[in-house]
file entry.cif (mmCIF, C-alpha atoms; chains and numbers go by the auth columns)
data_target
#
loop_
_atom_site.group_PDB
_atom_site.id
_atom_site.type_symbol
_atom_site.label_atom_id
_atom_site.label_comp_id
_atom_site.label_asym_id
_atom_site.label_seq_id
_atom_site.Cartn_x
_atom_site.Cartn_y
_atom_site.Cartn_z
_atom_site.B_iso_or_equiv
_atom_site.auth_seq_id
_atom_site.auth_asym_id
ATOM 1 C CA ALA A 1 121.724 114.122 90.684 0.00 9 A
ATOM 2 C CA MET A 2 118.396 112.697 89.493 0.00 10 A
ATOM 3 C CA ALA A 3 116.460 114.655 92.125 0.00 11 A
ATOM 4 C CA ARG A 4 118.122 117.900 91.082 0.00 12 A
ATOM 5 C CA ASP A 5 117.450 117.221 87.397 0.00 13 A
ATOM 6 C CA VAL A 6 113.795 116.354 88.061 0.00 14 A
ATOM 7 C CA ILE A 7 113.297 119.480 90.193 0.00 15 A
ATOM 8 C CA HIS A 8 114.866 121.702 87.543 0.00 16 A
ATOM 9 C CA GLU A 9 112.876 119.924 84.798 0.00 17 A
ATOM 10 C CA VAL A 10 115.972 118.907 82.846 0.00 18 A
ATOM 11 C CA TYR A 11 115.675 115.159 83.451 0.00 19 A
ATOM 12 C CA GLU A 12 115.128 113.215 80.232 0.00 20 A
ATOM 13 C CA PRO A 13 113.018 110.104 80.935 0.00 21 A
ATOM 14 C CA LYS A 14 114.204 106.851 79.371 0.00 22 A
ATOM 15 C CA LEU A 15 111.012 104.941 78.614 0.00 23 A
ATOM 16 C CA GLU A 16 110.961 101.146 78.770 0.00 24 A
ATOM 17 C CA ARG A 17 108.159 98.595 78.880 0.00 25 A
ATOM 18 C CA VAL A 18 108.056 97.691 82.539 0.00 26 A
ATOM 19 C CA ASP A 19 106.206 95.562 85.057 0.00 27 A
ATOM 20 C CA ILE A 20 105.334 98.016 87.828 0.00 28 A
ATOM 21 C CA GLY A 21 104.977 95.288 90.458 0.00 29 A
ATOM 22 C CA SER A 22 108.513 94.070 89.793 0.00 30 A
ATOM 23 C CA ILE A 23 109.887 97.621 89.896 0.00 31 A
ATOM 24 C CA LEU A 24 108.199 98.430 93.199 0.00 32 A
ATOM 25 C CA CYS A 25 109.068 95.161 94.902 0.00 33 A
ATOM 26 C CA GLY A 26 112.593 95.309 93.523 0.00 34 A
ATOM 27 C CA SER A 27 113.045 98.865 94.819 0.00 35 A
ATOM 28 C CA ASN A 28 112.124 97.895 98.367 0.00 36 A
ATOM 29 C CA PHE A 29 113.195 94.351 99.100 0.00 37 A
ATOM 30 C CA PRO A 30 115.770 93.375 100.182 0.00 38 A
ATOM 31 C CA SER A 31 118.431 95.537 98.536 0.00 39 A
ATOM 32 C CA SER A 32 117.420 98.939 99.868 0.00 40 A
ATOM 33 C CA SER A 33 118.120 98.377 103.535 0.00 41 A
ATOM 34 C CA ALA A 34 118.173 102.151 104.093 0.00 42 A
ATOM 35 C CA LEU A 35 114.499 102.289 103.151 0.00 43 A
ATOM 36 C CA LEU A 36 113.639 99.384 105.419 0.00 44 A
ATOM 37 C CA ASP A 37 115.601 100.989 108.256 0.00 45 A
ATOM 38 C CA LEU A 38 113.666 104.292 108.079 0.00 46 A
ATOM 39 C CA GLY A 39 110.991 102.961 110.374 0.00 47 A
ATOM 40 C CA GLY A 40 112.755 100.038 111.997 0.00 48 A
ATOM 41 C CA GLY A 41 111.591 97.603 109.331 0.00 49 A
ATOM 42 C CA GLY A 42 112.746 94.172 108.341 0.00 50 A
ATOM 43 C CA GLY A 43 115.714 92.875 106.462 0.00 51 A
ATOM 44 C CA THR A 44 114.440 89.793 104.720 0.00 52 A
ATOM 45 C CA THR A 45 112.033 89.794 101.822 0.00 53 A
ATOM 46 C CA LYS A 46 109.217 88.278 103.921 0.00 54 A
ATOM 47 C CA GLN A 47 109.615 90.930 106.614 0.00 55 A
ATOM 48 C CA GLY A 48 109.770 93.609 103.933 0.00 56 A
ATOM 49 C CA LEU A 49 106.538 92.382 102.340 0.00 57 A
ATOM 50 C CA GLU A 50 104.818 92.460 105.726 0.00 58 A
ATOM 51 C CA ARG A 51 106.020 96.005 106.467 0.00 59 A
ATOM 52 C CA PHE A 52 105.765 97.306 102.868 0.00 60 A
ATOM 53 C CA PRO A 53 102.937 95.405 101.126 0.00 61 A
ATOM 54 C CA LEU A 54 102.052 96.049 97.490 0.00 62 A
ATOM 55 C CA VAL A 55 98.456 95.734 96.266 0.00 63 A
ATOM 56 C CA THR A 56 97.584 96.091 92.585 0.00 64 A
ATOM 57 C CA HIS A 57 94.230 96.379 90.827 0.00 65 A
ATOM 58 C CA PRO A 58 94.041 94.509 88.504 0.00 66 A
ATOM 59 C CA SER A 59 96.469 91.833 89.494 0.00 67 A
ATOM 60 C CA PRO A 60 98.701 91.435 87.652 0.00 68 A
ATOM 61 C CA LEU A 61 98.954 94.886 86.102 0.00 69 A
ATOM 62 C CA PRO A 62 99.620 95.195 82.375 0.00 70 A
ATOM 63 C CA LEU A 63 103.030 96.401 81.189 0.00 71 A
ATOM 64 C CA PHE A 64 103.543 100.183 81.001 0.00 72 A
ATOM 65 C CA ALA A 65 105.980 102.500 79.234 0.00 73 A
ATOM 66 C CA PHE A 66 107.818 104.225 82.114 0.00 74 A
ATOM 67 C CA ASP A 67 111.277 105.315 83.085 0.00 75 A
ATOM 68 C CA PRO A 68 111.967 102.656 85.745 0.00 76 A
ATOM 69 C CA GLN A 69 114.542 104.807 87.580 0.00 77 A
ATOM 70 C CA LEU A 70 112.176 107.777 87.799 0.00 78 A
ATOM 71 C CA PHE A 71 109.282 105.554 88.887 0.00 79 A
ATOM 72 C CA LYS A 72 111.469 104.000 91.629 0.00 80 A
ATOM 73 C CA TYR A 73 112.589 107.469 92.719 0.00 81 A
ATOM 74 C CA ILE A 74 109.006 108.749 93.036 0.00 82 A
ATOM 75 C CA HIS A 75 107.894 105.638 94.906 0.00 83 A
ATOM 76 C CA ARG A 76 110.905 105.645 97.226 0.00 84 A
ATOM 77 C CA ASN A 77 110.261 109.300 98.080 0.00 85 A
ATOM 78 C CA ALA A 78 106.603 108.542 98.879 0.00 86 A
ATOM 79 C CA VAL A 79 107.580 105.565 101.066 0.00 87 A
ATOM 80 C CA SER A 80 110.249 107.649 102.804 0.00 88 A
ATOM 81 C CA ASN A 81 107.687 110.364 103.598 0.00 89 A
ATOM 82 C CA ALA A 82 105.185 107.780 104.861 0.00 90 A
ATOM 83 C CA CYS A 83 107.871 106.369 107.177 0.00 91 A
ATOM 84 C CA LYS A 84 109.006 109.789 108.415 0.00 92 A
ATOM 85 C CA TYR A 85 105.608 111.383 108.946 0.00 93 A
ATOM 86 C CA GLY A 86 103.352 108.387 109.561 0.00 94 A
ATOM 87 C CA LYS A 87 103.117 105.953 112.446 0.00 95 A
ATOM 88 C CA LYS A 88 106.598 104.890 113.579 0.00 96 A
ATOM 89 C CA GLY A 89 107.158 101.274 112.542 0.00 97 A
ATOM 90 C CA GLY A 90 103.733 101.187 110.863 0.00 98 A
ATOM 91 C CA VAL A 91 102.818 99.165 107.802 0.00 99 A
ATOM 92 C CA VAL A 92 103.405 101.278 104.682 0.00 100 A
ATOM 93 C CA MET A 93 101.134 99.940 101.956 0.00 101 A
ATOM 94 C CA THR A 94 101.506 100.792 98.284 0.00 102 A
ATOM 95 C CA GLU A 95 98.309 100.473 96.281 0.00 103 A
ATOM 96 C CA VAL A 96 98.445 100.773 92.488 0.00 104 A
ATOM 97 C CA ARG A 97 95.231 100.997 90.467 0.00 105 A
ATOM 98 C CA PHE A 98 94.839 101.026 86.704 0.00 106 A
ATOM 99 C CA ASP A 99 91.566 101.857 84.976 0.00 107 A
ATOM 100 C CA ALA A 100 91.787 100.424 81.461 0.00 108 A
ATOM 101 C CA GLN A 101 88.710 102.388 80.331 0.00 109 A
ATOM 102 C CA THR A 102 90.253 105.784 81.146 0.00 110 A
ATOM 103 C CA SER A 103 93.929 104.695 80.913 0.00 111 A
ATOM 104 C CA ILE A 104 94.545 106.273 84.329 0.00 112 A
ATOM 105 C CA LEU A 105 97.162 104.797 86.653 0.00 113 A
ATOM 106 C CA GLU A 106 97.055 105.833 90.307 0.00 114 A
ATOM 107 C CA MET A 107 99.450 104.983 93.120 0.00 115 A
ATOM 108 C CA ASP A 108 98.877 105.596 96.834 0.00 116 A
ATOM 109 C CA VAL A 109 101.456 105.025 99.550 0.00 117 A
ATOM 110 C CA ILE A 110 99.661 104.804 102.874 0.00 118 A
ATOM 111 C CA ASN A 111 100.759 104.669 106.509 0.00 119 A
ATOM 112 C CA LEU A 112 98.714 105.240 109.649 0.00 120 A
ATOM 113 C CA PRO A 113 98.777 108.849 110.911 0.00 121 A
ATOM 114 C CA GLY A 114 101.899 110.040 112.731 0.00 122 A
ATOM 115 C CA GLU A 115 102.268 111.540 116.182 0.00 123 A
ATOM 116 C CA HIS A 116 101.146 115.093 115.292 0.00 124 A
ATOM 117 C CA HIS A 117 98.146 114.106 113.192 0.00 125 A
ATOM 118 C CA ASP A 118 95.536 115.233 115.742 0.00 126 A
ATOM 119 C CA GLU A 119 97.270 118.612 116.155 0.00 127 A
ATOM 120 C CA ILE A 120 97.297 119.133 112.393 0.00 128 A
ATOM 121 C CA LEU A 121 93.576 118.284 112.123 0.00 129 A
ATOM 122 C CA LYS A 122 92.745 120.829 114.858 0.00 130 A
ATOM 123 C CA MET A 123 94.378 123.573 112.775 0.00 131 A
ATOM 124 C CA GLY A 124 91.651 123.488 110.122 0.00 132 A
ATOM 125 C CA ASN A 125 92.045 122.740 106.440 0.00 133 A
ATOM 126 C CA GLU A 126 93.817 125.897 105.236 0.00 134 A
ATOM 127 C CA ALA A 127 96.309 126.169 108.138 0.00 135 A
ATOM 128 C CA ALA A 128 97.028 122.426 107.973 0.00 136 A
ATOM 129 C CA ARG A 129 97.594 122.596 104.218 0.00 137 A
ATOM 130 C CA GLU A 130 99.989 125.515 104.769 0.00 138 A
ATOM 131 C CA ALA A 131 101.892 123.695 107.533 0.00 139 A
ATOM 132 C CA VAL A 132 102.221 120.437 105.642 0.00 140 A
ATOM 133 C CA PHE A 133 102.553 121.364 101.973 0.00 141 A
ATOM 134 C CA SER A 134 104.316 124.743 101.847 0.00 142 A
ATOM 135 C CA PRO A 135 107.656 124.795 100.019 0.00 143 A
ATOM 136 C CA ARG A 136 110.710 124.630 102.283 0.00 144 A
ATOM 137 C CA ARG A 137 108.650 123.596 105.357 0.00 145 A
ATOM 138 C CA ARG A 138 109.299 120.458 107.336 0.00 146 A
ATOM 139 C CA LEU A 139 107.354 118.966 110.207 0.00 147 A
ATOM 140 C CA HIS A 140 109.643 117.929 113.046 0.00 148 A
ATOM 141 C CA SER A 141 109.319 116.740 116.623 0.00 149 A
ATOM 142 C CA ASP A 142 109.295 120.402 117.703 0.00 150 A
ATOM 143 C CA PHE A 143 105.971 120.804 115.871 0.00 151 A
ATOM 144 C CA GLY A 144 104.291 124.057 116.871 0.00 152 A
ATOM 145 C CA LYS A 145 107.200 125.336 119.001 0.00 153 A
ATOM 146 C CA GLY A 146 108.995 128.553 118.195 0.00 154 A
ATOM 147 C CA ASP A 147 106.807 129.349 115.212 0.00 155 A
ATOM 148 C CA ASP A 148 105.489 132.907 115.134 0.00 156 A
ATOM 149 C CA ASP A 149 102.474 132.029 113.029 0.00 157 A
ATOM 150 C CA GLY A 150 101.558 128.932 115.046 0.00 158 A
ATOM 151 C CA ALA A 151 101.349 126.854 111.874 0.00 159 A
ATOM 152 C CA GLY A 152 103.826 124.288 113.152 0.00 160 A
ATOM 153 C CA GLY A 153 106.919 122.926 111.535 0.00 161 A
ATOM 154 C CA ARG A 154 109.899 125.034 110.547 0.00 162 A
ATOM 155 C CA GLU A 155 111.440 126.527 107.465 0.00 163 A
ATOM 156 C CA SER A 156 114.164 124.380 106.005 0.00 164 A
ATOM 157 C CA SER A 157 117.393 125.926 104.857 0.00 165 A
ATOM 158 C CA PRO A 158 119.745 124.804 102.077 0.00 166 A
ATOM 159 C CA SER A 159 121.930 123.161 104.724 0.00 167 A
ATOM 160 C CA ASP A 160 118.991 120.879 105.693 0.00 168 A
ATOM 161 C CA ALA A 161 119.357 119.089 102.372 0.00 169 A
ATOM 162 C CA ASN A 162 122.905 117.932 103.234 0.00 170 A
#
call {"tool": "encode", "arguments": {"input": "entry.cif", "output": "structure tokens"}}
result
Amino acid sequence: AMARDVIHEVYEPKLERVDIGSILCGSNFPSSSALLDLGGGGGTTKQGLERFPLVTHPSPLPLFAFDPQLFKYIHRNAVSNACKYGKKGGVVMTEVRFDAQTSILEMDVINLPGEHHDEILKMGNEAAREAVFSPRRRLHSDFGKGDDDGAGGRESSPSDAN
């Protein structure tokens, strides 16, 4: 329900003063076993921290006014994508940076490149951007097969979301 509300821009954030490190660690270890299982990851907190490390600059981060549920949702989606499209079983690192001078908070979720990375790079910037970031497109193991335009991936249908 939250995803639908966010997509349709009807979600009303509930701001709280939060510790981002606690939110991100709490969203991954050990309670969300589905997340850890996406790439064959751990089960205990130590294994989770090895597979899903969190790095913050500065450390510790100051408190922020965020909707913790929305922040967890965004992070979980980024980690899920890194697991699906990055190196299978790879380390998925979350790096959070805060610049106090500009008041800018940035978060990167990083995995090593996945199996079709070299093919995507060979496509060139525009074709790769189209294949990876177009709405309703998904990269699958049949990358580049059966696609008239040769851009790889396939169109997703409403039934794909179920």
call {"tool": "atom_distance", "arguments": {"input": "entry.cif", "atom1": "atom CA of Glu114 of chain A", "atom2": "atom CA of Ile28 of chain A"}}
result
11.7 Å
call {"tool": "closest_residue", "arguments": {"input": "entry.cif", "among": "A:Pro21, A:Glu134, A:Glu127, A:Thr102", "to": "Met115 of chain A", "atoms": "only C-alpha atoms"}}
result
A:Thr102
call {"tool": "residues_near_point", "arguments": {"input": "entry.cif", "point": "(121.3, 109.1, 93.0)", "cutoff": "10 Å", "atoms": "all atoms listed in the file", "output": "ChimeraX atom specification"}}
result
/A:9-12,77,81
call {"tool": "closest_residue", "arguments": {"input": "entry.cif", "among": "A:Lys22, A:His16, A:His65, A:His124", "to": "Glu103 of chain A", "atoms": "all atoms listed in the file"}}
result
A:His65
call {"tool": "atom_distance", "arguments": {"input": "entry.cif", "atom1": "atom CA of Tyr93 of chain A", "atom2": "atom CA of Phe74 of chain A"}}
result
27.9 Å
call {"tool": "atom_distance", "arguments": {"input": "entry.cif", "atom1": "atom CA of Ser67 of chain A", "atom2": "atom CA of Cys91 of chain A"}}
result
25.6 Å
call {"tool": "closest_residue", "arguments": {"input": "entry.cif", "among": "A:Asp75, A:Glu58, A:Asp27, A:Asp13", "to": "Met101 of chain A", "atoms": "all atoms listed in the file"}}
result
A:Glu58
call {"tool": "closest_residue", "arguments": {"input": "entry.cif", "among": "A:Ala135, A:Phe106, A:Pro143, A:Lys92", "to": "Glu123 of chain A", "atoms": "all atoms listed in the file"}}
result
A:Lys92
call {"tool": "residues_around", "arguments": {"input": "entry.cif", "residues": "Leu71 of chain A", "least_positions_apart": "3", "cutoff": "12 Å", "atoms": "all atoms listed in the file", "output": "number ranges by chain"}}
result
A: 23-31, 66-68, 74, 76, 106, 108, 113
call {"tool": "closest_residue", "arguments": {"input": "entry.cif", "among": "A:Val104, A:Val18, A:Leu32, A:Ile128", "to": "Phe60 of chain A", "atoms": "only C-alpha atoms"}}
result
A:Leu32
call {"tool": "axis_aligned_box", "arguments": {"input": "entry.cif", "around": "segment 139-142 of chain A", "padding_each_side": "3 Å", "output": "JSON"}}
result
{"center_x": 103.1, "center_y": 122.6, "center_z": 104.7, "size_x": 8.4, "size_y": 10.3, "size_z": 11.7}
call {"tool": "closest_residue", "arguments": {"input": "entry.cif", "among": "A:Leu57, A:Leu129, A:Cys33, A:Ala90", "to": "Val117 of chain A", "atoms": "only C-alpha atoms"}}
result
A:Ala90
call {"tool": "build_atoms", "arguments": {"input": "entry.cif", "residues": "segment 57-68 of chain A", "atoms": "all heavy atoms", "output": "short mmCIF file (atom, residue, chain, number, x, y, z; two decimals), in the frame of the given file"}}
result
data_model
loop_
_atom_site.label_atom_id
_atom_site.label_comp_id
_atom_site.auth_asym_id
_atom_site.auth_seq_id
_atom_site.Cartn_x
_atom_site.Cartn_y
_atom_site.Cartn_z
N LEU A 57 107.89 92.46 102.89
CA LEU A 57 106.54 92.38 102.34
C LEU A 57 105.49 92.61 103.41
O LEU A 57 104.42 93.14 103.14
CB LEU A 57 106.32 91.04 101.65
CG LEU A 57 107.06 90.87 100.32
CD1 LEU A 57 106.95 89.43 99.83
CD2 LEU A 57 106.53 91.84 99.29
N GLU A 58 105.76 92.22 104.64
CA GLU A 58 104.82 92.46 105.73
C GLU A 58 104.79 93.94 106.09
O GLU A 58 103.74 94.49 106.37
CB GLU A 58 105.20 91.62 106.95
CG GLU A 58 104.96 90.14 106.74
CD GLU A 58 105.50 89.29 107.87
OE1 GLU A 58 106.06 89.84 108.85
OE2 GLU A 58 105.39 88.06 107.77
N ARG A 59 105.92 94.58 106.10
CA ARG A 59 106.02 96.00 106.47
C ARG A 59 105.67 96.92 105.30
O ARG A 59 105.14 98.00 105.48
CB ARG A 59 107.45 96.29 106.94
CG ARG A 59 107.75 97.75 107.22
CD ARG A 59 107.32 98.16 108.63
NE ARG A 59 107.20 99.60 108.75
CZ ARG A 59 108.18 100.46 108.84
NH1 ARG A 59 109.42 100.05 108.83
NH2 ARG A 59 107.95 101.74 108.95
N PHE A 60 105.97 96.49 104.06
CA PHE A 60 105.76 97.31 102.87
C PHE A 60 104.98 96.53 101.81
O PHE A 60 105.50 96.22 100.74
CB PHE A 60 107.11 97.75 102.28
CG PHE A 60 107.93 98.58 103.21
CD1 PHE A 60 108.92 98.02 103.99
CD2 PHE A 60 107.70 99.94 103.32
CE1 PHE A 60 109.68 98.78 104.85
CE2 PHE A 60 108.45 100.72 104.18
CZ PHE A 60 109.44 100.14 104.96
N PRO A 61 103.70 96.20 102.09
CA PRO A 61 102.94 95.40 101.13
C PRO A 61 102.61 96.20 99.86
O PRO A 61 102.53 97.43 99.88
CB PRO A 61 101.66 95.04 101.89
CG PRO A 61 101.53 96.11 102.92
CD PRO A 61 102.93 96.51 103.29
N LEU A 62 102.43 95.48 98.78
CA LEU A 62 102.05 96.05 97.49
C LEU A 62 100.75 95.39 97.05
O LEU A 62 100.66 94.17 96.99
CB LEU A 62 103.14 95.81 96.45
CG LEU A 62 102.79 96.16 95.01
CD1 LEU A 62 102.55 97.66 94.85
CD2 LEU A 62 103.90 95.70 94.08
N VAL A 63 99.75 96.22 96.75
CA VAL A 63 98.46 95.73 96.27
C VAL A 63 98.22 96.37 94.91
O VAL A 63 98.38 97.59 94.76
CB VAL A 63 97.31 96.12 97.23
CG1 VAL A 63 95.98 95.67 96.71
CG2 VAL A 63 97.58 95.57 98.62
N THR A 64 97.86 95.56 93.92
CA THR A 64 97.58 96.09 92.58
C THR A 64 96.18 95.70 92.13
O THR A 64 95.70 94.62 92.45
CB THR A 64 98.61 95.59 91.55
OG1 THR A 64 98.49 94.19 91.41
CG2 THR A 64 100.02 95.96 91.93
N HIS A 65 95.55 96.61 91.42
CA HIS A 65 94.23 96.38 90.83
C HIS A 65 94.31 96.81 89.38
O HIS A 65 94.54 97.98 89.13
CB HIS A 65 93.14 97.20 91.53
CG HIS A 65 93.08 96.98 93.00
ND1 HIS A 65 92.53 95.86 93.58
CD2 HIS A 65 93.51 97.74 94.03
CE1 HIS A 65 92.62 95.97 94.89
NE2 HIS A 65 93.21 97.09 95.18
N PRO A 66 94.21 95.96 88.40
CA PRO A 66 94.04 94.51 88.50
C PRO A 66 95.36 93.85 88.89
O PRO A 66 96.40 94.50 88.93
CB PRO A 66 93.64 94.10 87.09
CG PRO A 66 94.29 95.12 86.21
CD PRO A 66 94.28 96.40 87.00
N SER A 67 95.27 92.59 89.17
CA SER A 67 96.47 91.83 89.49
C SER A 67 96.54 90.63 88.57
O SER A 67 95.61 89.82 88.55
CB SER A 67 96.42 91.37 90.94
OG SER A 67 97.59 90.68 91.28
N PRO A 68 97.56 90.53 87.79
CA PRO A 68 98.70 91.44 87.65
C PRO A 68 98.33 92.64 86.77
O PRO A 68 97.39 92.60 85.99
CB PRO A 68 99.77 90.58 86.95
CG PRO A 68 98.97 89.61 86.14
CD PRO A 68 97.72 89.33 86.95
#
